[in-house]
file data-v8.txt (compact mmCIF, C-alpha atoms)
# COMPACT_ATOMS: atom_id res chain seq x y z
CA MET A 1 29.10 -5.07 58.20
CA CYS A 2 25.73 -6.70 58.57
CA GLY A 3 25.34 -10.28 57.38
CA ARG A 4 22.47 -11.65 59.51
CA PHE A 5 19.59 -9.93 61.25
CA VAL A 6 16.41 -10.50 63.23
CA ILE A 7 12.74 -9.46 62.85
CA THR A 8 10.69 -10.24 65.96
CA SER A 9 8.27 -7.32 66.45
CA ALA A 10 4.58 -7.91 65.81
CA PRO A 11 3.49 -7.09 62.24
CA ALA A 12 0.99 -4.50 63.49
CA ALA A 13 3.68 -2.75 65.53
CA LEU A 14 6.04 -2.55 62.55
CA ARG A 15 3.25 -1.29 60.30
CA GLN A 16 2.45 1.47 62.78
CA LEU A 17 6.10 2.46 63.19
CA PHE A 18 6.98 2.52 59.47
CA GLY A 19 3.61 3.69 58.20
CA TYR A 20 3.20 1.47 55.13
CA VAL A 21 -0.25 0.84 53.68
CA GLU A 22 -0.03 -2.96 53.30
CA GLN A 23 -0.99 -5.26 56.18
CA PRO A 24 1.43 -8.20 55.91
CA ASN A 25 1.11 -10.91 58.54
CA PHE A 26 4.21 -12.91 59.40
CA PRO A 27 5.87 -14.87 62.23
CA PRO A 28 9.16 -13.73 63.81
CA ARG A 29 12.43 -14.51 62.05
CA TYR A 30 15.59 -15.03 64.08
CA ASN A 31 18.23 -15.68 61.41
CA VAL A 32 17.58 -13.71 58.21
CA ALA A 33 20.45 -14.25 55.75
CA PRO A 34 21.72 -12.89 52.40
CA THR A 35 19.93 -14.01 49.19
CA GLN A 36 16.67 -14.41 51.14
CA PRO A 37 13.72 -12.11 50.43
CA ILE A 38 13.56 -9.39 53.10
CA PRO A 39 11.07 -6.59 53.83
CA VAL A 40 11.83 -3.12 52.50
CA VAL A 41 9.82 0.04 53.15
CA LEU A 42 9.83 2.55 50.28
CA VAL A 43 7.86 5.51 48.99
CA GLU A 44 5.87 5.09 45.80
CA ASN A 45 3.28 7.53 44.45
CA GLY A 46 3.48 9.53 47.64
CA ALA A 47 2.76 6.64 50.05
CA ARG A 48 4.92 4.20 51.98
CA HIS A 49 4.79 0.58 50.89
CA PHE A 50 6.05 -2.80 52.11
CA ARG A 51 7.95 -4.83 49.50
CA LEU A 52 9.94 -8.05 49.53
CA MET A 53 13.36 -7.83 47.88
CA ARG A 54 16.31 -10.18 47.58
CA TRP A 55 19.09 -9.28 50.01
CA GLY A 56 22.02 -8.76 47.66
CA LEU A 57 21.89 -5.82 45.26
CA LEU A 58 22.18 -6.29 41.50
CA PRO A 59 22.82 -3.06 39.54
CA GLY A 60 20.77 -2.65 36.41
CA TRP A 61 23.85 -2.79 34.19
CA VAL A 62 24.78 -6.36 35.24
CA LYS A 63 24.41 -8.74 32.30
CA ASP A 64 24.81 -12.09 34.06
CA PRO A 65 24.10 -12.15 37.83
CA ARG A 66 25.83 -15.53 38.17
CA GLY A 67 29.19 -13.85 37.70
CA PHE A 68 28.52 -10.80 39.88
CA ALA A 69 29.56 -10.47 43.53
CA LEU A 70 26.82 -10.49 46.16
CA LEU A 71 26.48 -6.89 47.39
CA ILE A 72 24.74 -7.17 50.76
CA ASN A 73 26.25 -3.94 52.16
CA ALA A 74 27.01 -0.47 50.75
CA ARG A 75 29.66 1.65 52.48
CA ALA A 76 28.41 5.11 53.44
CA GLU A 77 31.79 6.65 52.63
CA THR A 78 31.71 5.56 48.97
CA VAL A 79 28.02 4.98 48.20
CA LEU A 80 27.80 8.25 46.23
CA GLU A 81 30.64 7.26 43.88
CA LYS A 82 30.50 3.49 43.48
CA PRO A 83 28.88 2.52 40.15
CA ALA A 84 26.76 -0.13 41.85
CA PHE A 85 25.15 2.34 44.27
CA LYS A 86 25.46 5.93 43.04
CA LYS A 87 22.10 5.98 41.27
CA ALA A 88 20.26 4.01 43.95
CA ILE A 89 21.36 6.31 46.79
CA ARG A 90 19.78 9.25 44.95
CA ARG A 91 16.60 7.64 43.64
CA ARG A 92 15.96 4.34 45.38
CA ARG A 93 16.34 4.52 49.15
CA GLY A 94 14.48 2.27 51.54
CA LEU A 95 14.25 1.13 55.16
CA ILE A 96 14.57 -2.46 56.37
CA PRO A 97 12.57 -3.18 59.56
CA ALA A 98 14.55 -5.19 62.11
CA ASP A 99 14.96 -5.83 65.82
CA GLY A 100 18.68 -6.47 65.88
CA TYR A 101 21.52 -8.15 64.06
CA TYR A 102 24.43 -10.52 64.62
CA GLU A 103 28.13 -9.87 64.50
CA TRP A 104 31.10 -12.20 64.98
CA LYS A 105 34.25 -11.42 66.97
CA THR A 106 37.35 -13.61 67.01
CA GLU A 107 38.10 -14.65 70.57
CA GLY A 108 40.62 -17.30 71.54
CA GLY A 109 41.05 -18.42 67.96
CA ARG A 110 37.35 -18.90 67.32
CA LYS A 111 34.55 -16.64 66.11
CA GLN A 112 32.03 -15.84 68.81
CA PRO A 113 28.63 -14.53 67.63
CA PHE A 114 26.93 -11.64 69.39
CA PHE A 115 23.37 -10.37 69.17
CA ILE A 116 23.22 -6.56 68.89
CA HIS A 117 20.04 -4.60 69.54
CA ARG A 118 18.79 -1.22 70.67
CA ALA A 119 19.36 -0.76 74.39
CA ASP A 120 15.73 0.31 74.83
CA GLY A 121 14.45 -2.79 73.01
CA GLU A 122 12.69 -0.80 70.29
CA PRO A 123 12.65 -1.92 66.61
CA LEU A 124 15.01 -0.22 64.19
CA GLY A 125 15.18 0.66 60.51
CA PHE A 126 18.31 -0.15 58.52
CA ALA A 127 19.17 2.38 55.82
CA ALA A 128 19.01 0.61 52.46
CA VAL A 129 19.40 1.18 48.73
CA PHE A 130 17.68 -0.96 46.13
CA GLU A 131 17.57 -1.70 42.41
CA THR A 132 15.27 -3.63 40.09
CA TRP A 133 17.36 -5.82 37.81
CA VAL A 134 15.79 -6.71 34.47
CA GLY A 135 17.01 -9.87 32.75
CA PRO A 136 17.42 -10.60 29.04
CA ASN A 137 13.95 -12.16 28.87
CA GLY A 138 12.24 -9.30 30.68
CA GLU A 139 12.28 -10.98 34.09
CA GLU A 140 12.52 -8.55 37.03
CA LEU A 141 14.28 -8.99 40.36
CA ASP A 142 14.06 -6.45 43.19
CA THR A 143 17.33 -6.41 45.13
CA VAL A 144 18.61 -4.46 48.12
CA ALA A 145 21.74 -3.69 50.16
CA ILE A 146 22.14 -2.33 53.72
CA VAL A 147 24.17 0.86 54.12
CA THR A 148 27.02 0.59 56.64
CA ALA A 149 29.29 3.09 58.39
CA ALA A 150 32.47 3.01 60.47
CA ALA A 151 31.64 1.75 63.96
CA GLY A 152 31.59 4.09 66.93
CA GLU A 153 33.87 3.66 69.91
CA ASP A 154 31.67 1.12 71.67
CA LEU A 155 30.54 -1.14 68.81
CA ALA A 156 34.04 -1.13 67.33
CA ALA A 157 34.89 -3.65 70.04
CA LEU A 158 32.95 -6.18 67.97
CA HIS A 159 33.51 -5.04 64.38
CA ASP A 160 34.81 -1.99 62.54
CA ARG A 161 31.56 -1.62 60.53
CA VAL A 162 27.94 -1.20 61.63
CA PRO A 163 24.65 -0.93 59.74
CA VAL A 164 23.32 2.61 59.46
CA THR A 165 20.09 2.87 61.43
CA ILE A 166 17.60 5.64 60.75
CA SER A 167 15.63 7.17 63.63
CA PRO A 168 11.83 7.26 63.18
CA ARG A 169 11.99 11.07 63.19
CA ASP A 170 14.22 10.84 60.10
CA PHE A 171 12.27 8.18 58.19
CA GLU A 172 10.62 10.79 55.96
CA ARG A 173 13.91 12.52 55.19
CA TRP A 174 15.64 9.27 54.25
CA LEU A 175 12.76 8.05 52.07
CA ASP A 176 12.24 11.40 50.31
CA ILE A 177 13.51 10.94 46.75
CA GLY A 178 11.73 13.93 45.27
CA GLY A 179 14.98 15.26 43.81
CA ASP A 180 18.55 14.15 43.14
CA GLU A 181 19.96 16.17 46.04
CA VAL A 182 21.54 14.07 48.76
CA ASP A 183 22.87 16.75 51.09
CA ALA A 184 19.92 16.26 53.45
CA ILE A 185 20.63 12.55 54.00
CA LEU A 186 24.41 12.70 54.35
CA PRO A 187 24.27 13.43 58.11
CA LEU A 188 22.09 10.33 58.57
CA MET A 189 24.71 7.89 57.28
CA THR A 190 26.64 7.56 60.52
CA ALA A 191 27.12 5.04 63.31
CA PRO A 192 24.67 4.87 66.24
CA ARG A 193 25.37 7.07 69.24
CA ILE A 194 27.51 5.54 71.97
CA GLY A 195 25.24 3.65 74.34
CA GLU A 196 22.34 3.43 71.88
CA PHE A 197 22.95 -0.28 71.29
CA ALA A 198 23.62 -3.20 73.61
CA TRP A 199 24.87 -6.72 72.87
CA HIS A 200 25.56 -10.13 74.37
CA PRO A 201 27.14 -13.41 73.23
CA VAL A 202 24.87 -16.05 71.73
CA SER A 203 25.16 -19.66 70.68
CA THR A 204 27.13 -20.64 67.60
CA ARG A 205 23.91 -22.31 66.43
CA VAL A 206 23.28 -19.01 64.64
CA ASN A 207 26.12 -19.88 62.27
CA ARG A 208 23.81 -22.33 60.53
CA VAL A 209 21.17 -20.55 58.45
CA ALA A 210 18.73 -23.42 58.87
CA ASN A 211 18.50 -22.65 62.60
CA ASP A 212 15.76 -20.05 63.10
CA ASP A 213 14.27 -19.98 66.60
CA GLU A 214 14.04 -17.68 69.61
CA GLN A 215 16.88 -19.49 71.40
CA LEU A 216 19.33 -17.88 68.98
CA VAL A 217 19.03 -14.41 70.53
CA LEU A 218 19.29 -15.53 74.17
CA PRO A 219 22.53 -14.71 76.03
CA ILE A 220 24.80 -17.61 76.89
CA SER A 221 27.17 -17.94 79.84
CA ALA A 222 30.95 -18.27 79.81
CA GLU A 223 30.52 -21.95 80.67
CA GLU A 224 28.22 -22.48 77.69
CA ILE A 225 30.66 -20.68 75.41
CA GLU A 226 33.43 -22.98 76.61
CA ALA A 227 31.26 -26.05 76.11
CA GLU A 228 30.51 -25.06 72.53
CA ALA A 229 34.21 -24.49 71.88
CA VAL A 230 35.19 -28.03 72.86
CA LYS A 231 32.43 -29.85 70.99
CA PRO A 232 33.92 -32.34 68.51
CA LYS A 233 33.45 -31.31 64.92
CA LYS A 234 31.27 -33.58 62.82
CA ALA A 235 32.66 -34.91 59.60
CA ALA A 236 31.59 -32.77 56.67
CA ARG A 237 29.05 -34.30 54.35
CA LYS A 238 28.04 -33.29 50.90
CA ILE A 239 24.71 -31.53 50.59
CA ALA A 240 22.85 -31.28 47.34
CA ALA A 241 22.65 -27.76 45.98
CA ALA A 242 19.37 -26.00 46.68
CA PRO A 243 17.23 -25.06 43.70
CA ALA A 244 17.74 -21.56 42.36
CA ASP A 245 15.66 -18.87 44.09
CA ASP A 246 14.56 -15.85 42.13
CA GLY A 247 14.43 -13.80 45.33
CA GLN A 248 10.75 -13.04 45.00
CA GLY A 249 9.52 -15.80 47.28
CA SER A 250 8.08 -15.41 50.75
CA LEU A 251 10.31 -14.23 53.56
CA PHE A 252 7.98 -15.89 56.02
call {"tool": "encode", "arguments": {"input": "data-v8.txt", "output": "structure tokens"}}
result
Amino acid sequence: MCGRFVITSAPAALRQLFGYVEQPNFPPRYNVAPTQPIPVVLVENGARHFRLMRWGLLPGWVKDPRGFALLINARAETVLEKPAFKKAIRRRRGLIPADGYYEWKTEGGRKQPFFIHRADGEPLGFAAVFETWVGPNGEELDTVAIVTAAAGEDLAALHDRVPVTISPRDFERWLDIGGDEVDAILPLMTAPRIGEFAWHPVSTRVNRVANDDEQLVLPISAEEIEAEAVKPKKAARKIAAAPADDGQGSLF
């Protein structure tokens, strides 16, 4: 699966790679999490555009989002049949710019986070599907989910699922929604090639969404991992619930 990711490339570099017409300016993000607004590249009126959407898809037929599960991922194997995704995969496909993502592996009875990125250090585009949910009072909420596939032999060592990443040469094919045919995109919904991605362990500071700094993606040593494992746990304290977010705020 994919539950946290990173955007660190310069805005100009991402604009050039994905080819959208807007010129958004934003600082790097090192711990993007579900329910936050995230960037999505889509085609509209024949041109590519940059949009912010809430990470967590809401199908149009949902009456009350408060009672609906948060759909942050869509499985490639069932995306054509699942009611929540079967229309979006045909008519509303997008790309999510990123520079890597986090995954957690249970080691020695504890979950160790890893930062996963392209071995060549280049940015990547997550395959995504999106929907615009319209509420009873006419309010609109753009929402999105990342498509995942079964992990390849190498990445399966960390988790059995991986986000589908689309190569720049296939951006146009993935974003082309000129018809309802999906045969052309089916071969794209697979795991990365073996060796395409690299990874390393990182600090458990990434577990806390409020932490968002460049130290999160740095590799840590075996000694540092051990030191984090033996830190005494602080007593839990109650935190007031955050105000509701309509998902249309600023990612940055």
call {"tool": "closest_residue", "arguments": {"input": "data-v8.txt", "among": "A:Asp64, A:Glu122, A:Glu22, A:Glu77", "to": "A:Ala198", "atoms": "only C-alpha atoms"}}
result
A:Glu122
call {"tool": "atom_distance", "arguments": {"input": "data-v8.txt", "atom1": "atom CA of A:Gly100", "atom2": "atom CA of A:Trp199"}}
result
9.3 Å
call {"tool": "closest_residue", "arguments": {"input": "data-v8.txt", "among": "A:Ile116, A:Val206, A:Leu124, A:Leu52", "to": "A:Phe171", "atoms": "only C-alpha atoms"}}
result
A:Leu124
call {"tool": "closest_residue", "arguments": {"input": "data-v8.txt", "among": "A:His117, A:Arg169, A:Arg161, A:Arg110", "to": "A:Ala74", "atoms": "only C-alpha atoms"}}
result
A:Arg161
call {"tool": "residues_around", "arguments": {"input": "data-v8.txt", "residues": "A:Pro168", "least_positions_apart": "6", "cutoff": "9 Å", "atoms": "only C-alpha atoms", "output": "list in words"}}
result
Leu17, Phe18, Leu124 and Gly125 of chain A
call {"tool": "atom_distance", "arguments": {"input": "data-v8.txt", "atom1": "atom CA of A:Tyr102", "atom2": "atom CA of A:Leu42"}}
result
24.3 Å
call {"tool": "atom_distance", "arguments": {"input": "data-v8.txt", "atom1": "atom CA of A:Pro11", "atom2": "atom CA of A:Arg205"}}
result
25.8 Å
call {"tool": "closest_residue", "arguments": {"input": "data-v8.txt", "among": "A:Lys82, A:Glu153, A:Asn31, A:Ala222", "to": "A:Ala210", "atoms": "all atoms listed in the file"}}
result
A:Asn31
call {"tool": "closest_residue", "arguments": {"input": "data-v8.txt", "among": "A:Gly121, A:Pro83, A:Pro113, A:Gly56", "to": "A:Pro37", "atoms": "all atoms listed in the file"}}
result
A:Gly56
call {"tool": "residues_around", "arguments": {"input": "data-v8.txt", "residues": "A:Leu218", "least_positions_apart": "2", "cutoff": "9 Å", "atoms": "all atoms listed in the file", "output": "list in words"}}
result
Phe115, His200, Pro201, Val202, Ser203, Glu214, Gln215, Leu216 and Ile220 of chain A
call {"tool": "residues_around", "arguments": {"input": "data-v8.txt", "residues": "A:His49", "least_positions_apart": "6", "cutoff": "9 Å", "atoms": "only C-alpha atoms", "output": "list in words"}}
result
Gly19, Tyr20, Val21, Glu22, Val40, Val41, Leu42 and Val43 of chain A
call {"tool": "residues_near_point", "arguments": {"input": "data-v8.txt", "point": "(21.9, 4.3, 72.4)", "cutoff": "9 Å", "atoms": "all atoms listed in the file", "output": "NGL selection string"}}
result
:A and (118-120 or 192-198)
call {"tool": "closest_residue", "arguments": {"input": "data-v8.txt", "among": "A:Ala156, A:Val144, A:Met189, A:Ile96", "to": "A:Met53", "atoms": "all atoms listed in the file"}}
result
A:Val144
call {"tool": "residues_around", "arguments": {"input": "data-v8.txt", "residues": "A:Val6", "least_positions_apart": "6", "cutoff": "8 Å", "atoms": "only C-alpha atoms", "output": "MDAnalysis selection string"}}
result
chainID A and resid 28:32 98:101
call {"tool": "axis_aligned_box", "arguments": {"input": "data-v8.txt", "around": "stretch 24-38 of chain A", "padding_each_side": "3 Å", "output": "JSON"}}
result
{"center_x": 11.4, "center_y": -11.9, "center_z": 56.6, "size_x": 26.6, "size_y": 13.5, "size_z": 20.9}
call {"tool": "residues_around", "arguments": {"input": "data-v8.txt", "residues": "A:Val162", "least_positions_apart": "3", "cutoff": "7 Å", "atoms": "all atoms listed in the file", "output": "number ranges by chain"}}
result
A: 1-2, 148-151, 191
call {"tool": "decode", "arguments": {"input": "data-v8.txt", "residues": "stretch 83-108 of chain A", "atoms": "N, CA and C atoms", "output": "short mmCIF file (atom, residue, chain, number, x, y, z; two decimals), in the first residue's frame"}}
result
data_model
loop_
_atom_site.label_atom_id
_atom_site.label_comp_id
_atom_site.auth_asym_id
_atom_site.auth_seq_id
_atom_site.Cartn_x
_atom_site.Cartn_y
_atom_site.Cartn_z
N PRO A 83 -17.24 -0.92 -7.17
CA PRO A 83 -18.15 0.21 -7.38
C PRO A 83 -17.50 1.56 -7.10
N ALA A 84 -16.60 1.62 -6.14
CA ALA A 84 -15.99 2.90 -5.78
C ALA A 84 -15.05 3.43 -6.86
N PHE A 85 -14.51 2.53 -7.71
CA PHE A 85 -13.46 2.94 -8.64
C PHE A 85 -13.77 2.70 -10.12
N LYS A 86 -14.76 1.88 -10.43
CA LYS A 86 -14.91 1.42 -11.82
C LYS A 86 -15.23 2.53 -12.81
N LYS A 87 -15.87 3.60 -12.37
CA LYS A 87 -16.11 4.73 -13.27
C LYS A 87 -14.87 5.63 -13.34
N ALA A 88 -14.23 5.84 -12.21
CA ALA A 88 -13.07 6.72 -12.16
C ALA A 88 -11.92 6.18 -13.01
N ILE A 89 -11.69 4.87 -13.01
CA ILE A 89 -10.57 4.32 -13.77
C ILE A 89 -10.76 4.52 -15.26
N ARG A 90 -12.01 4.67 -15.70
CA ARG A 90 -12.28 4.88 -17.13
C ARG A 90 -12.29 6.35 -17.52
N ARG A 91 -12.73 7.21 -16.60
CA ARG A 91 -12.97 8.60 -16.97
C ARG A 91 -12.20 9.64 -16.16
N ARG A 92 -11.62 9.23 -15.05
CA ARG A 92 -10.97 10.21 -14.18
C ARG A 92 -9.66 9.64 -13.64
N ARG A 93 -8.66 9.61 -14.51
CA ARG A 93 -7.33 9.15 -14.12
C ARG A 93 -6.38 10.34 -13.98
N GLY A 94 -5.51 10.26 -13.00
CA GLY A 94 -4.55 11.33 -12.76
C GLY A 94 -3.19 10.80 -12.38
N LEU A 95 -2.25 11.70 -12.20
CA LEU A 95 -0.89 11.39 -11.75
C LEU A 95 -0.58 12.22 -10.52
N ILE A 96 0.04 11.62 -9.53
CA ILE A 96 0.43 12.33 -8.32
C ILE A 96 1.95 12.47 -8.31
N PRO A 97 2.48 13.69 -8.45
CA PRO A 97 3.94 13.88 -8.41
C PRO A 97 4.48 13.53 -7.02
N ALA A 98 5.61 12.85 -6.99
CA ALA A 98 6.23 12.47 -5.72
C ALA A 98 7.72 12.20 -5.94
N ASP A 99 8.43 12.07 -4.84
CA ASP A 99 9.85 11.73 -4.90
C ASP A 99 10.16 10.47 -4.11
N GLY A 100 9.15 9.86 -3.56
CA GLY A 100 9.34 8.63 -2.81
C GLY A 100 8.19 8.45 -1.83
N TYR A 101 8.22 7.34 -1.12
CA TYR A 101 7.16 7.06 -0.15
C TYR A 101 7.73 6.22 0.99
N TYR A 102 6.95 6.07 2.04
CA TYR A 102 7.36 5.31 3.21
C TYR A 102 6.59 3.99 3.29
N GLU A 103 7.27 3.00 3.81
CA GLU A 103 6.61 1.73 4.11
C GLU A 103 7.15 1.22 5.44
N TRP A 104 6.34 0.44 6.15
CA TRP A 104 6.72 -0.08 7.46
C TRP A 104 6.83 -1.60 7.42
N LYS A 105 7.90 -2.12 7.99
CA LYS A 105 8.12 -3.56 8.06
C LYS A 105 8.31 -3.95 9.52
N THR A 106 7.64 -5.01 9.93
CA THR A 106 7.77 -5.47 11.31
C THR A 106 9.08 -6.23 11.48
N GLU A 107 9.91 -5.72 12.35
CA GLU A 107 11.21 -6.34 12.64
C GLU A 107 11.42 -6.38 14.14
N GLY A 108 11.66 -7.57 14.67
CA GLY A 108 11.89 -7.70 16.10
C GLY A 108 10.74 -7.22 16.95
#
